[in-house]
Every structure is written in C-alpha cells, then in structure tokens.
Amino acid sequence: MRALVATTRTNGALRTDVDHCIEGELVSIDEYCDCCRIDPGSCGCGLAFSGLSSHRMTTTAQVAQVPLSESEVREAIRSSLHAGGWLDPSFCSRALAHQLVEEAWSRVRHVATHYPVGTVLGRSLDHVYERQEVGPEAG
Ligand SMILES: [Zn+2]
C-alpha cells in the first residue's frame, strides 16, 4: 500500500532543509506548533515530516509503495505517538488516542494517494507540495 517515507532526494536544495530521519522510514504529517503558525520555519516543525521510528524531522518525503497493510501503517503511527508520550492515558483518553491516530493516518493516506509513487514532497504548514528534482547544472 502507499505511504510516505523519508528521502534525501532534493533535500538540501532549500536553505530551510533538514534531514534527521532514517532513509526510507515511514513518516507522518504532524500538527505544528504555534510558533510555526506565525513563522513556518521558526522551529522547523511546520516545514517537516516526522519519522515514525527516529522521532526526528525531515523536510523531504516521498510517496512509496510499502510492503505493509493499512493496519500495520496505522500501528506504526500509533506506536510512534505512544513512544513520543502523546497517548499518555493521564491526559489522553482511549477515544482521543484513537482519533489522533485516525487523523494522522488520514493525512498520510490523503497525500500518498493524491500523488504518484516516487513523488518527492515538501510541506509548509497544512500545505503539501511536489518538490522538483534539481539537476547538477542548476545547483
Ligand atoms: Zn514548530
């Protein structure tokens, strides 16, 4: 099935690029902080995808066909949120935890089915866009 994975393709072409993820790991499109709402690059989260394994950021993701089922991708999202402390039962009910996972999965699914496999994507807040490959002569 289609999902989003971290890629180094085109990363570094923009001054705001960061790449702290593991190449090929699943990524999600997380909520961004209030600072980034005002200035999308302020902490970087408004421009970045989140690695579900590394819990780090990258500004480039790629649509990929992954050998996982939908429930496995959802579980990857859930376990990443859990590992990050976002689903702590002291403040996150089971219903809210379910909703957070579903919303995260919905964002990934929407983008991963909208663009062809292999498309490199960037992000600015709620907007996800296709990044252009840069040839060596244009560098
Ligand atoms: Zn931020």
# chains A, B, ... in the order shown; residues from 1 in each chain; ligands from 1
>>> residues_near_ligand(ligand="ligand 1", cutoff="6 Å", atoms="only C-alpha atoms and all ligand atoms", output="list in words")
Tyr32, Cys33, Cys35, Cys36, Cys43, Gly44, Cys45 and Gly46 of chain A
>>> residues_around(residues="Ala3 in chain A", least_positions_apart="4", cutoff="8 Å", atoms="only C-alpha atoms", output="PyMOL selection string")
chain A and resi 26+63-66+73+108-109+112
>>> closest_residue(among="A:Ser28, A:Thr16, A:Gln62, A:Gly84", to="Leu47 in chain A", atoms="only C-alpha atoms")
A:Thr16
>>> atom_distance(atom1="CA of Gly12 in chain A", atom2="CA of Ser106 in chain A")
28.1 Å
>>> residues_around(residues="Leu121 in chain A", least_positions_apart="4", cutoff="9 Å", atoms="only C-alpha atoms", output="list in words")
Thr59, Thr60, Ala61, Gln62, Val63, Tyr115, Val128, Tyr129, Glu130, Arg131 and Gln132 of chain A
>>> write_last_selection(atoms="N, CA and C atoms", output="compact mmCIF listing (two decimals), in the first residue's frame")
# COMPACT_ATOMS: atom_id res chain seq x y z
N THR A 59 12.57 17.48 5.91
CA THR A 59 11.72 18.35 5.09
C THR A 59 11.39 17.71 3.74
N THR A 60 11.85 16.46 3.52
CA THR A 60 11.53 15.78 2.26
C THR A 60 10.98 14.39 2.52
N ALA A 61 9.83 14.12 1.92
CA ALA A 61 9.21 12.79 1.99
C ALA A 61 8.88 12.35 0.58
N GLN A 62 8.73 11.06 0.42
CA GLN A 62 8.46 10.51 -0.90
C GLN A 62 7.27 9.57 -0.80
N VAL A 63 6.41 9.61 -1.80
CA VAL A 63 5.32 8.64 -1.88
C VAL A 63 5.92 7.30 -2.27
N TYR A 115 -0.69 11.86 -4.91
CA TYR A 115 0.49 11.99 -5.77
C TYR A 115 0.95 10.61 -6.23
N VAL A 128 0.93 20.57 1.44
CA VAL A 128 1.97 19.65 0.99
C VAL A 128 2.10 19.83 -0.52
N TYR A 129 3.33 19.93 -1.01
CA TYR A 129 3.54 20.24 -2.43
C TYR A 129 4.63 19.34 -3.00
N GLU A 130 4.62 19.22 -4.33
CA GLU A 130 5.62 18.42 -5.02
C GLU A 130 6.89 19.23 -5.16
N ARG A 131 8.02 18.63 -4.76
CA ARG A 131 9.32 19.29 -4.93
C ARG A 131 9.91 18.85 -6.26
N GLN A 132 10.60 19.76 -6.91
CA GLN A 132 11.22 19.48 -8.20
C GLN A 132 12.63 18.94 -7.98
>>> closest_residue(among="A:Ser69, A:Phe91, A:Ala97, A:Gly24", to="Ser53 in chain A", atoms="only C-alpha atoms")
A:Gly24
>>> select_by_dssp(residues="chain A", states="strand (DSSP E)", output="VMD selection string")
chain A and resid 2 to 6 27 to 28 49 to 51 57 to 58 61 to 65 120 to 124 127 to 130
>>> closest_residue(among="A:Asp19, A:Glu25, A:Asp34, A:Asp126", to="Ile77 in chain A", atoms="only C-alpha atoms")
A:Glu25
>>> atom_distance(atom1="CA of Met1 in chain A", atom2="CA of Arg94 in chain A")
26.7 Å
>>> atom_distance(atom1="CA of Leu125 in chain A", atom2="CA of Arg74 in chain A")
22.0 Å
>>> select_by_dssp(residues="range 6-139 of chain A", states="alpha helix (DSSP H)", output="mmCIF file with C-alpha atoms, in the first residue's frame")
data_model
loop_
_atom_site.group_PDB
_atom_site.id
_atom_site.type_symbol
_atom_site.label_atom_id
_atom_site.label_comp_id
_atom_site.auth_asym_id
_atom_site.auth_seq_id
_atom_site.Cartn_x
_atom_site.Cartn_y
_atom_site.Cartn_z
ATOM 1 C CA ASP A 34 2.096 27.889 17.496
ATOM 2 C CA CYS A 35 5.480 29.475 16.680
ATOM 3 C CA CYS A 36 5.451 27.821 13.263
ATOM 4 C CA ARG A 37 1.889 29.004 12.683
ATOM 5 C CA ILE A 38 3.295 32.559 12.692
ATOM 6 C CA GLU A 70 -3.172 -0.395 6.292
ATOM 7 C CA SER A 71 -3.442 -1.712 9.843
ATOM 8 C CA GLU A 72 0.356 -2.025 10.038
ATOM 9 C CA VAL A 73 0.841 1.582 8.945
ATOM 10 C CA ARG A 74 -1.776 2.686 11.492
ATOM 11 C CA GLU A 75 0.038 0.678 14.154
ATOM 12 C CA ALA A 76 3.329 2.365 13.190
ATOM 13 C CA ILE A 77 1.632 5.737 13.652
ATOM 14 C CA ARG A 78 0.062 4.668 16.965
ATOM 15 C CA SER A 79 3.279 3.253 18.387
ATOM 16 C CA SER A 80 5.229 6.352 17.338
ATOM 17 C CA LEU A 81 2.702 8.629 19.058
ATOM 18 C CA HIS A 82 2.790 6.333 22.092
ATOM 19 C CA ALA A 83 6.605 6.354 22.220
ATOM 20 C CA ARG A 94 -8.753 5.933 24.518
ATOM 21 C CA ALA A 95 -11.221 7.754 22.301
ATOM 22 C CA LEU A 96 -8.872 10.703 21.839
ATOM 23 C CA ALA A 97 -5.930 8.368 21.179
ATOM 24 C CA HIS A 98 -7.970 6.610 18.505
ATOM 25 C CA GLN A 99 -8.905 9.963 16.984
ATOM 26 C CA LEU A 100 -5.272 11.166 16.911
ATOM 27 C CA VAL A 101 -4.157 8.011 15.104
ATOM 28 C CA GLU A 102 -7.041 8.216 12.633
ATOM 29 C CA GLU A 103 -6.326 11.873 11.874
ATOM 30 C CA ALA A 104 -2.624 11.198 11.341
ATOM 31 C CA TRP A 105 -3.390 8.214 9.135
ATOM 32 C CA SER A 106 -5.939 10.240 7.175
ATOM 33 C CA ARG A 107 -3.369 12.961 6.402
ATOM 34 C CA VAL A 108 -0.820 10.389 5.200
ATOM 35 C CA ARG A 109 -3.372 8.446 3.138
ATOM 36 C CA HIS A 110 -4.744 11.594 1.510
ATOM 37 C CA VAL A 111 -1.316 12.748 0.332
ATOM 38 C CA ALA A 112 0.017 9.272 -0.539
ATOM 39 C CA THR A 113 -2.947 8.558 -2.801
ATOM 40 C CA HIS A 114 -3.050 12.042 -4.343
#
>>> closest_residue(among="A:Ser42, A:Asp17, A:Glu23, A:Leu4", to="Pro116 in chain A", atoms="only C-alpha atoms")
A:Leu4
>>> decode(residues="range 45-81 of chain A", atoms="N, CA and C atoms", output="mmCIF file, in the first residue's frame")
data_model
loop_
_atom_site.group_PDB
_atom_site.id
_atom_site.type_symbol
_atom_site.label_atom_id
_atom_site.label_comp_id
_atom_site.auth_asym_id
_atom_site.auth_seq_id
_atom_site.Cartn_x
_atom_site.Cartn_y
_atom_site.Cartn_z
ATOM 1 N N CYS A 45 9.091 22.562 12.620
ATOM 2 C CA CYS A 45 8.071 21.511 12.558
ATOM 3 C C CYS A 45 6.998 21.816 11.529
ATOM 4 N N GLY A 46 6.802 23.104 11.213
ATOM 5 C CA GLY A 46 5.796 23.463 10.219
ATOM 6 C C GLY A 46 6.231 23.167 8.795
ATOM 7 N N LEU A 47 7.508 22.840 8.608
ATOM 8 C CA LEU A 47 8.036 22.525 7.275
ATOM 9 C C LEU A 47 8.410 21.059 7.153
ATOM 10 N N ALA A 48 8.187 20.294 8.212
ATOM 11 C CA ALA A 48 8.803 18.964 8.265
ATOM 12 C C ALA A 48 7.793 17.826 8.369
ATOM 13 N N PHE A 49 8.268 16.669 7.979
ATOM 14 C CA PHE A 49 7.596 15.397 8.202
ATOM 15 C C PHE A 49 8.294 14.742 9.395
ATOM 16 N N SER A 50 7.545 13.888 10.092
ATOM 17 C CA SER A 50 8.084 13.274 11.308
ATOM 18 C C SER A 50 8.370 11.801 11.084
ATOM 19 N N GLY A 51 9.577 11.382 11.390
ATOM 20 C CA GLY A 51 9.951 9.970 11.258
ATOM 21 C C GLY A 51 9.286 9.146 12.349
ATOM 22 N N LEU A 52 8.576 8.094 11.953
ATOM 23 C CA LEU A 52 7.853 7.293 12.939
ATOM 24 C C LEU A 52 8.787 6.420 13.763
ATOM 25 N N SER A 53 9.974 6.124 13.256
ATOM 26 C CA SER A 53 10.941 5.333 14.017
ATOM 27 C C SER A 53 11.947 6.213 14.734
ATOM 28 N N SER A 54 12.508 7.185 14.008
ATOM 29 C CA SER A 54 13.569 8.020 14.583
ATOM 30 C C SER A 54 13.017 9.103 15.505
ATOM 31 N N HIS A 55 11.741 9.468 15.323
ATOM 32 C CA HIS A 55 11.116 10.592 16.042
ATOM 33 C C HIS A 55 11.845 11.898 15.754
ATOM 34 N N ARG A 56 12.423 11.974 14.554
ATOM 35 C CA ARG A 56 13.112 13.196 14.152
ATOM 36 C C ARG A 56 12.454 13.753 12.889
ATOM 37 N N MET A 57 12.983 14.861 12.373
ATOM 38 C CA MET A 57 12.328 15.567 11.280
ATOM 39 C C MET A 57 13.108 15.482 9.981
ATOM 40 N N THR A 58 12.355 15.549 8.884
ATOM 41 C CA THR A 58 12.948 15.762 7.572
ATOM 42 C C THR A 58 12.010 16.668 6.794
ATOM 43 N N THR A 59 12.569 17.482 5.907
ATOM 44 C CA THR A 59 11.719 18.351 5.087
ATOM 45 C C THR A 59 11.385 17.707 3.745
ATOM 46 N N THR A 60 11.855 16.460 3.517
ATOM 47 C CA THR A 60 11.528 15.780 2.260
ATOM 48 C C THR A 60 10.982 14.390 2.523
ATOM 49 N N ALA A 61 9.835 14.115 1.917
ATOM 50 C CA ALA A 61 9.214 12.795 1.992
ATOM 51 C C ALA A 61 8.883 12.346 0.578
ATOM 52 N N GLN A 62 8.734 11.062 0.419
ATOM 53 C CA GLN A 62 8.464 10.509 -0.900
ATOM 54 C C GLN A 62 7.274 9.565 -0.800
ATOM 55 N N VAL A 63 6.414 9.613 -1.800
ATOM 56 C CA VAL A 63 5.318 8.643 -1.877
ATOM 57 C C VAL A 63 5.923 7.300 -2.265
ATOM 58 N N ALA A 64 5.607 6.278 -1.493
ATOM 59 C CA ALA A 64 6.197 4.963 -1.742
ATOM 60 C C ALA A 64 5.150 3.864 -1.594
ATOM 61 N N GLN A 65 5.385 2.804 -2.340
ATOM 62 C CA GLN A 65 4.611 1.584 -2.177
ATOM 63 C C GLN A 65 5.353 0.784 -1.115
ATOM 64 N N VAL A 66 4.736 0.551 0.027
ATOM 65 C CA VAL A 66 5.422 -0.144 1.119
ATOM 66 C C VAL A 66 4.779 -1.518 1.332
ATOM 67 N N PRO A 67 5.574 -2.501 1.746
ATOM 68 C CA PRO A 67 5.053 -3.860 1.916
ATOM 69 C C PRO A 67 4.341 -4.028 3.258
ATOM 70 N N LEU A 68 3.404 -3.148 3.539
ATOM 71 C CA LEU A 68 2.685 -3.147 4.814
ATOM 72 C C LEU A 68 1.198 -3.032 4.522
ATOM 73 N N SER A 69 0.403 -3.538 5.435
ATOM 74 C CA SER A 69 -1.044 -3.375 5.324
ATOM 75 C C SER A 69 -1.435 -2.032 5.935
ATOM 76 N N GLU A 70 -2.675 -1.630 5.690
ATOM 77 C CA GLU A 70 -3.172 -0.395 6.292
ATOM 78 C C GLU A 70 -3.104 -0.463 7.819
ATOM 79 N N SER A 71 -3.460 -1.612 8.376
ATOM 80 C CA SER A 71 -3.442 -1.712 9.843
ATOM 81 C C SER A 71 -2.014 -1.647 10.380
ATOM 82 N N GLU A 72 -1.042 -2.122 9.606
ATOM 83 C CA GLU A 72 0.356 -2.025 10.038
ATOM 84 C C GLU A 72 0.852 -0.580 10.001
ATOM 85 N N VAL A 73 0.439 0.173 8.996
ATOM 86 C CA VAL A 73 0.841 1.582 8.945
ATOM 87 C C VAL A 73 0.182 2.354 10.096
ATOM 88 N N ARG A 74 -1.098 2.062 10.347
ATOM 89 C CA ARG A 74 -1.776 2.686 11.492
ATOM 90 C C ARG A 74 -1.059 2.354 12.798
ATOM 91 N N GLU A 75 -0.648 1.093 12.933
ATOM 92 C CA GLU A 75 0.038 0.678 14.154
ATOM 93 C C GLU A 75 1.386 1.405 14.276
ATOM 94 N N ALA A 76 2.065 1.614 13.159
ATOM 95 C CA ALA A 76 3.329 2.365 13.190
ATOM 96 C C ALA A 76 3.081 3.795 13.674
ATOM 97 N N ILE A 77 1.990 4.386 13.206
ATOM 98 C CA ILE A 77 1.632 5.737 13.652
ATOM 99 C C ILE A 77 1.302 5.726 15.149
ATOM 100 N N ARG A 78 0.473 4.747 15.558
ATOM 101 C CA ARG A 78 0.062 4.668 16.965
ATOM 102 C C ARG A 78 1.277 4.471 17.875
ATOM 103 N N SER A 79 2.147 3.538 17.506
ATOM 104 C CA SER A 79 3.279 3.253 18.387
ATOM 105 C C SER A 79 4.263 4.418 18.434
ATOM 106 N N SER A 80 4.362 5.175 17.327
ATOM 107 C CA SER A 80 5.229 6.352 17.338
ATOM 108 C C SER A 80 4.652 7.434 18.259
ATOM 109 N N LEU A 81 3.347 7.655 18.158
ATOM 110 C CA LEU A 81 2.702 8.629 19.058
ATOM 111 C C LEU A 81 2.841 8.179 20.511
#
